[in-house]
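S.K.: What follows is a single structure, and I will ask about it in a moment.
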Amino acid sequence: MYDTIKLLRFPFSVFLLPISLFSFFYIQPDFNYQLILVLIIWHLLVFPSSNGYNSYNDMDDGPIGGLAAPPKPTGLLLQMSNLFDVTAVLLSFIVNASFAFFVVLYILASRLYSYRKIRLKKFPIVGFLIVFIFQGAWVFFANFFALSSVTLLSNKSVIFSAIASSFFIGTVYPITQIYQHQADKNDGVKTLSMMLGKRGTFIFSGLMFSIATLFVYLSFSSPVMINNFLLYIVIMLPATLFFLIWMVKSFKSERHINFKNTMIMLVLSSVLNNIYFILLLLK
């Protein structure tokens with residue numbers, strides 16, 4: 001049971017929390033059962049289930065996101081993933097049918113991404129787009145259907161922020177693959193990072209972050225909101241500097257491209273993003 005819980009990788013859900021927090025900045029949701037259900041559905045059920053289902057199909061021998069030495073998955077992990085997904089869908093109908101639609105399609109996309117007989121993750125562009133869309137803008141928009149009026153979607157700042165959310169994911173996704181090219185090759189998977197090469201992965205992630213930053217600026221470019229953008233630049237500065245230093249070191253020696261540095265980058269960027277969006281909510 002303990003190994004199964006480890007493979008569900010609950011702490012990994014924290015890395016995806018900024019997307020929900022960003023949507024809450026516009027929604028300004030009441031603290032009620034619907035808000036609690038939305039957070040439980042995404043961060044305690046759907047995301048862990050996706051992690052577990054992916055691990056069950058991958059049978060990883062080496063490090064994966066959040067786990068330096070993952071245990072071997074068993075049938076219990078698949079059962080838990082199935083239970084989590086069914087529970088998530090049932091609970092999402094309590095929120096409303098529109099939100100349930102978003103949850104069901106997210107789960108379907110996640111399963112197609114990992115399922116051995118289809119395995120969209122083995123195609124570098126398709127795999128990237130699945131994660132880019134569904135972990136970013138899809139979750140962002142889903143929260144509006146769950147907790148707010150969809151008329152807010154006519155606000156261009158909301159649209160810019162949804163796009164920024166996907167580019168946040170696009171920044172991190174190839175970096176999480178950069179240290180495991182050989183393991184992915186052995187598994188018959190060609191990741192985006194493999195296609196780009198290790199140097200290309202750094203350049204691509206830097207470009208994704210630059211585009212994300214541009215859309216954050218567009219979201220907050222009005223005179224009354226510009227301080228929100230400046231705060232973002234200040235708070236994200238440590239992650240930006242770490243990325244640039246890590247990139248320069250890795251260009252000189254690939255020994256710096258490893259699980260430890262990848263996890264430092266992932267944790268640092270997600271923690272700072274969470275701090276930023278929590279501060280926005282508190283303003």
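All residue names refer to the structure tokens as shown: chains lettered A, B, ... in order, residues numbered from 1 in each chain, ligands numbered from 1 in order.
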Can you pull out every residue within 8 Å of Ile257 of chain A, counting only C-alpha atoms, but drop anything in the same chain fewer than 5 positions away, and send it as a ChimeraX atom specification?
M.R.: /A:178-179,250,262
S.K.: For Val104 of chain A, find every residue with an atom within 12 Å (counting only C-alpha atoms), except residues of its own chain fewer than 6 positions away, and show them as a VMD selection string.
M.R.: chain A and resid 41 to 42 46 85 to 93 97 to 98 110 to 111 134 138 to 139 142
S.K.: With N, CA and C atoms retained, could you export that selection as a PDB file, in the first residue's frame?
M.R.:
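For reference, out.pdb as written:
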ATOM      1  N   ILE A  41     -11.071  17.279  -6.343  1.00  0.00           N
ATOM      2  CA  ILE A  41     -11.171  16.540  -7.610  1.00  0.00           C
ATOM      3  C   ILE A  41      -9.871  16.624  -8.396  1.00  0.00           C
ATOM      4  N   TRP A  42      -9.340  17.839  -8.575  1.00  0.00           N
ATOM      5  CA  TRP A  42      -8.105  17.972  -9.352  1.00  0.00           C
ATOM      6  C   TRP A  42      -6.882  17.452  -8.600  1.00  0.00           C
ATOM      7  N   VAL A  46      -7.749  13.477  -9.514  1.00  0.00           N
ATOM      8  CA  VAL A  46      -7.422  13.367 -10.938  1.00  0.00           C
ATOM      9  C   VAL A  46      -5.912  13.373 -11.190  1.00  0.00           C
ATOM     10  N   ASP A  85     -10.436   7.973 -10.353  1.00  0.00           N
ATOM     11  CA  ASP A  85     -11.069   8.581 -11.522  1.00  0.00           C
ATOM     12  C   ASP A  85     -12.593   8.504 -11.448  1.00  0.00           C
ATOM     13  N   VAL A  86     -13.110   7.358 -11.051  1.00  0.00           N
ATOM     14  CA  VAL A  86     -14.570   7.207 -10.931  1.00  0.00           C
ATOM     15  C   VAL A  86     -15.101   8.160  -9.866  1.00  0.00           C
ATOM     16  N   THR A  87     -14.400   8.237  -8.752  1.00  0.00           N
ATOM     17  CA  THR A  87     -14.813   9.149  -7.678  1.00  0.00           C
ATOM     18  C   THR A  87     -14.786  10.590  -8.149  1.00  0.00           C
ATOM     19  N   ALA A  88     -13.738  10.954  -8.891  1.00  0.00           N
ATOM     20  CA  ALA A  88     -13.610  12.322  -9.403  1.00  0.00           C
ATOM     21  C   ALA A  88     -14.775  12.672 -10.316  1.00  0.00           C
ATOM     22  N   VAL A  89     -15.146  11.758 -11.191  1.00  0.00           N
ATOM     23  CA  VAL A  89     -16.252  12.017 -12.123  1.00  0.00           C
ATOM     24  C   VAL A  89     -17.571  12.175 -11.366  1.00  0.00           C
ATOM     25  N   LEU A  90     -17.819  11.293 -10.413  1.00  0.00           N
ATOM     26  CA  LEU A  90     -19.061  11.369  -9.644  1.00  0.00           C
ATOM     27  C   LEU A  90     -19.145  12.679  -8.857  1.00  0.00           C
ATOM     28  N   LEU A  91     -18.046  13.059  -8.236  1.00  0.00           N
ATOM     29  CA  LEU A  91     -18.026  14.305  -7.470  1.00  0.00           C
ATOM     30  C   LEU A  91     -18.170  15.526  -8.385  1.00  0.00           C
ATOM     31  N   SER A  92     -17.619  15.430  -9.582  1.00  0.00           N
ATOM     32  CA  SER A  92     -17.696  16.579 -10.500  1.00  0.00           C
ATOM     33  C   SER A  92     -19.133  16.866 -10.915  1.00  0.00           C
ATOM     34  N   PHE A  93     -19.989  15.844 -10.960  1.00  0.00           N
ATOM     35  CA  PHE A  93     -21.395  16.070 -11.284  1.00  0.00           C
ATOM     36  C   PHE A  93     -22.107  16.805 -10.157  1.00  0.00           C
ATOM     37  N   ALA A  97     -22.696  19.745 -14.408  1.00  0.00           N
ATOM     38  CA  ALA A  97     -22.459  18.865 -15.556  1.00  0.00           C
ATOM     39  C   ALA A  97     -21.359  19.399 -16.467  1.00  0.00           C
ATOM     40  N   SER A  98     -21.257  20.702 -16.600  1.00  0.00           N
ATOM     41  CA  SER A  98     -20.223  21.283 -17.463  1.00  0.00           C
ATOM     42  C   SER A  98     -18.830  20.965 -16.928  1.00  0.00           C
ATOM     43  N   SER A 110      -5.616  11.832 -20.469  1.00  0.00           N
ATOM     44  CA  SER A 110      -4.531  11.305 -19.644  1.00  0.00           C
ATOM     45  C   SER A 110      -4.345   9.806 -19.867  1.00  0.00           C
ATOM     46  N   ARG A 111      -5.446   9.102 -19.972  1.00  0.00           N
ATOM     47  CA  ARG A 111      -5.369   7.647 -20.207  1.00  0.00           C
ATOM     48  C   ARG A 111      -4.791   7.337 -21.588  1.00  0.00           C
ATOM     49  N   PHE A 134      -4.111  20.271 -21.670  1.00  0.00           N
ATOM     50  CA  PHE A 134      -4.986  19.780 -20.602  1.00  0.00           C
ATOM     51  C   PHE A 134      -4.520  20.156 -19.207  1.00  0.00           C
ATOM     52  N   TRP A 138      -6.923  24.010 -20.096  1.00  0.00           N
ATOM     53  CA  TRP A 138      -8.112  23.177 -19.877  1.00  0.00           C
ATOM     54  C   TRP A 138      -8.560  23.227 -18.423  1.00  0.00           C
ATOM     55  N   VAL A 139      -7.621  23.052 -17.501  1.00  0.00           N
ATOM     56  CA  VAL A 139      -7.945  23.128 -16.070  1.00  0.00           C
ATOM     57  C   VAL A 139      -8.384  24.549 -15.717  1.00  0.00           C
ATOM     58  N   ALA A 142     -11.877  25.003 -16.962  1.00  0.00           N
ATOM     59  CA  ALA A 142     -12.793  24.124 -16.235  1.00  0.00           C
ATOM     60  C   ALA A 142     -13.245  24.758 -14.930  1.00  0.00           C
TER      61      ALA A 142
END
S.K.: Env of segment 144-150 of chain A: 8 Å cut, atoms = only C-alpha atoms, seq-sep filter 6 positions within chain, self excluded. Answer as a short mmCIF file (atom, residue, chain, number, x, y, z; two decimals) with C-alpha atoms, in the first residue's frame.
M.R.:
data_model
loop_
_atom_site.label_atom_id
_atom_site.label_comp_id
_atom_site.auth_asym_id
_atom_site.auth_seq_id
_atom_site.Cartn_x
_atom_site.Cartn_y
_atom_site.Cartn_z
CA SER A 23 -8.09 31.01 -12.34
CA ILE A 27 -13.21 33.92 -10.25
CA PRO A 29 -14.72 32.05 -5.49
CA GLN A 34 -18.00 23.61 -4.59
CA LEU A 35 -14.56 25.20 -4.19
CA VAL A 38 -12.91 21.38 -7.24
CA VAL A 95 -20.40 20.65 -8.90
CA ASN A 96 -22.21 20.75 -12.26
CA SER A 98 -20.22 21.28 -17.46
CA PHE A 99 -17.37 20.80 -15.01
#
S.K.: Restricting the calculation to only C-alpha atoms: of A:Gly75, A:Gly206, A:Pro11, A:Gly136, which residue gets closest to Tyr56 of chain A?
M.R.: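 Selected residue with least distance to Tyr56 of chain A: A:Gly75.
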S.K.: So how far away is atom CA of Ser20 of chain A from atom CA of Leu39 of chain A, in Å?
M.R.: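 Interatomic distance here is 8.2 Å.
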S.K.: Let me make sure I understand: among A:Phe167, A:Ser157, A:Ala239, A:Val14, which one has the smallest atom-to-atom distance to Tyr217 of chain A if we use only C-alpha atoms?
M.R.: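 Closest candidate: A:Ser157.
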S.K.: Among segment 61-229 of chain A, which ones does DSSP assign to alpha helix (DSSP H) (computed from the backbone)? Answer as number ranges by chain.
M.R.: A: 75-95, 97-114, 124-132, 139-147, 156-172, 181-186, 192-196, 198-219, 226-229
S.K.: Pick from A:Tyr115, A:Tyr53, A:Tyr26, A:Phe84: nearest to Lys156 of chain A, with only C-alpha atoms counted?
M.R.: A:Tyr26
S.K.: Determine, counting only C-alpha atoms, which protein, DNA and RNA residues have an atom within 10 Å of an atom of Phe242 of chain A; residues of the same chain fewer than 5 positions away are not included. Present the result as a PDB file with C-alpha atoms, in the first residue's frame.
M.R.:
ATOM      1  CA  LEU A 237      13.626  35.943 -10.437  1.00  0.00           C
ATOM      2  CA  MET A 247      21.679  25.940 -18.590  1.00  0.00           C
ATOM      3  CA  VAL A 248      25.145  27.514 -18.850  1.00  0.00           C
ATOM      4  CA  ASN A 261      18.879  19.647 -10.706  1.00  0.00           C
ATOM      5  CA  ILE A 264      15.316  21.706  -7.843  1.00  0.00           C
ATOM      6  CA  MET A 265      14.139  23.595 -10.928  1.00  0.00           C
ATOM      7  CA  LEU A 268      11.609  26.178  -7.105  1.00  0.00           C
ATOM      8  CA  SER A 269       9.461  27.330 -10.022  1.00  0.00           C
TER       9      SER A 269
END
S.K.: As a PyMOL selection string, please: the residues near Asp58 of chain A (cut-off 12 Å, only C-alpha atoms, same-chain neighbours under 5 positions excluded).
M.R.: chain A and resi 7+51-53+63-64+70-74+113-116+119+121-122+183-184+186-189
S.K.: Pull N, CA and C atoms from the residues just selected and write them as an mmCIF file, in the first residue's frame.
M.R.:
data_model
loop_
_atom_site.group_PDB
_atom_site.id
_atom_site.type_symbol
_atom_site.label_atom_id
_atom_site.label_comp_id
_atom_site.auth_asym_id
_atom_site.auth_seq_id
_atom_site.Cartn_x
_atom_site.Cartn_y
_atom_site.Cartn_z
ATOM 1 N N LEU A 7 3.584 6.103 -5.567
ATOM 2 C CA LEU A 7 3.468 6.228 -7.021
ATOM 3 C C LEU A 7 2.323 7.144 -7.452
ATOM 4 N N ASN A 51 -0.910 10.317 -12.427
ATOM 5 C CA ASN A 51 0.460 9.893 -12.085
ATOM 6 C C ASN A 51 0.540 8.378 -11.927
ATOM 7 N N GLY A 52 -0.413 7.848 -11.170
ATOM 8 C CA GLY A 52 -0.407 6.413 -10.904
ATOM 9 C C GLY A 52 -0.618 5.585 -12.156
ATOM 10 N N TYR A 53 -1.563 6.003 -12.998
ATOM 11 C CA TYR A 53 -1.833 5.265 -14.234
ATOM 12 C C TYR A 53 -0.629 5.299 -15.155
ATOM 13 N N PRO A 63 14.643 7.244 -12.048
ATOM 14 C CA PRO A 63 13.925 8.351 -11.416
ATOM 15 C C PRO A 63 12.803 8.885 -12.286
ATOM 16 N N ILE A 64 11.715 9.271 -11.629
ATOM 17 C CA ILE A 64 10.603 9.957 -12.292
ATOM 18 C C ILE A 64 10.268 11.188 -11.473
ATOM 19 N N PRO A 70 11.622 5.046 -7.769
ATOM 20 C CA PRO A 70 10.218 4.618 -7.699
ATOM 21 C C PRO A 70 10.091 3.120 -7.482
ATOM 22 N N PRO A 71 9.143 2.707 -6.623
ATOM 23 C CA PRO A 71 8.892 1.274 -6.448
ATOM 24 C C PRO A 71 8.192 0.696 -7.668
ATOM 25 N N LYS A 72 8.180 -0.622 -7.757
ATOM 26 C CA LYS A 72 7.493 -1.270 -8.871
ATOM 27 C C LYS A 72 5.978 -1.202 -8.671
ATOM 28 N N PRO A 73 5.256 -0.784 -9.699
ATOM 29 C CA PRO A 73 3.793 -0.722 -9.573
ATOM 30 C C PRO A 73 3.175 -2.110 -9.557
ATOM 31 N N THR A 74 2.032 -2.210 -8.904
ATOM 32 C CA THR A 74 1.291 -3.469 -8.839
ATOM 33 C C THR A 74 -0.139 -3.235 -9.320
ATOM 34 N N TYR A 113 -2.805 9.149 -23.216
ATOM 35 C CA TYR A 113 -1.400 9.548 -23.149
ATOM 36 C C TYR A 113 -0.525 8.397 -22.660
ATOM 37 N N SER A 114 -1.035 7.604 -21.709
ATOM 38 C CA SER A 114 -0.220 6.576 -21.061
ATOM 39 C C SER A 114 -0.501 5.149 -21.528
ATOM 40 N N TYR A 115 -1.730 4.855 -21.927
ATOM 41 C CA TYR A 115 -2.164 3.481 -22.213
ATOM 42 C C TYR A 115 -1.248 2.819 -23.246
ATOM 43 N N ARG A 116 -0.755 1.634 -22.904
ATOM 44 C CA ARG A 116 0.261 0.951 -23.705
ATOM 45 C C ARG A 116 -0.136 0.732 -25.164
ATOM 46 N N ARG A 119 -0.834 5.001 -26.266
ATOM 47 C CA ARG A 119 0.406 5.637 -25.789
ATOM 48 C C ARG A 119 0.795 6.889 -26.577
ATOM 49 N N LYS A 121 2.035 9.453 -25.560
ATOM 50 C CA LYS A 121 3.271 10.054 -25.053
ATOM 51 C C LYS A 121 4.493 9.665 -25.891
ATOM 52 N N LYS A 122 4.380 8.604 -26.698
ATOM 53 C CA LYS A 122 5.536 8.192 -27.497
ATOM 54 C C LYS A 122 5.722 9.058 -28.737
ATOM 55 N N ALA A 183 16.342 6.137 -20.836
ATOM 56 C CA ALA A 183 15.244 5.339 -20.287
ATOM 57 C C ALA A 183 14.023 5.404 -21.200
ATOM 58 N N ASP A 184 13.737 6.582 -21.721
ATOM 59 C CA ASP A 184 12.594 6.717 -22.639
ATOM 60 C C ASP A 184 12.850 5.975 -23.947
ATOM 61 N N ASN A 186 14.683 3.319 -24.324
ATOM 62 C CA ASN A 186 14.547 1.888 -24.027
ATOM 63 C C ASN A 186 13.080 1.466 -23.968
ATOM 64 N N ASP A 187 12.207 2.418 -23.627
ATOM 65 C CA ASP A 187 10.780 2.135 -23.488
ATOM 66 C C ASP A 187 10.024 2.370 -24.798
ATOM 67 N N GLY A 188 10.747 2.754 -25.846
ATOM 68 C CA GLY A 188 10.100 2.982 -27.126
ATOM 69 C C GLY A 188 9.377 4.314 -27.222
ATOM 70 N N VAL A 189 9.735 5.246 -26.354
ATOM 71 C CA VAL A 189 9.096 6.565 -26.329
ATOM 72 C C VAL A 189 10.070 7.602 -26.863
#
S.K.: Select, from A:Leu230, A:Ile275, A:Ile159, A:Ile235, the residue with the minimum atom-to-atom distance to Leu17 of chain A, counting only C-alpha atoms.
M.R.: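 Among A:Leu230, A:Ile275, A:Ile159, A:Ile235, it is A:Ile275 that comes nearest to Leu17 of chain A.
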S.K.: Looking at only C-alpha atoms, which of A:Thr213, A:Ser222, A:Thr4, A:Thr151 is the one that sits closest to Leu78 of chain A?
M.R.: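 With only C-alpha atoms as the atom set, the closest residue is A:Thr4.
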S.K.: Provide the atom CA of Asn54 of chain A to atom CA of Pro18 of chain A distance in Å, to one decimal place.
M.R.: 22.0 Å
S.K.: I want to know what sits within 8 Å of Phe132 of chain A, based on only C-alpha atoms, with residues of the same chain fewer than 6 positions away left out; could you give that as a ChimeraX atom specification?
M.R.: /A:166-167,169-170,173
S.K.: Quote the spacing between atom CA of Lys185 of chain A and atom CA of Ser50 of chain A in Å to one decimal place.
M.R.: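 Interatomic distance, atom CA of Lys185 of chain A to atom CA of Ser50 of chain A: 21.6 Å.
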S.K.: Go through A:Ser161, A:Lys249, A:Leu76, A:Ala137 and flag the residue nearest Ser221 of chain A, using only C-alpha atoms for the distances.
M.R.: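 Closest to Ser221 of chain A, using only C-alpha atoms: A:Ser161.
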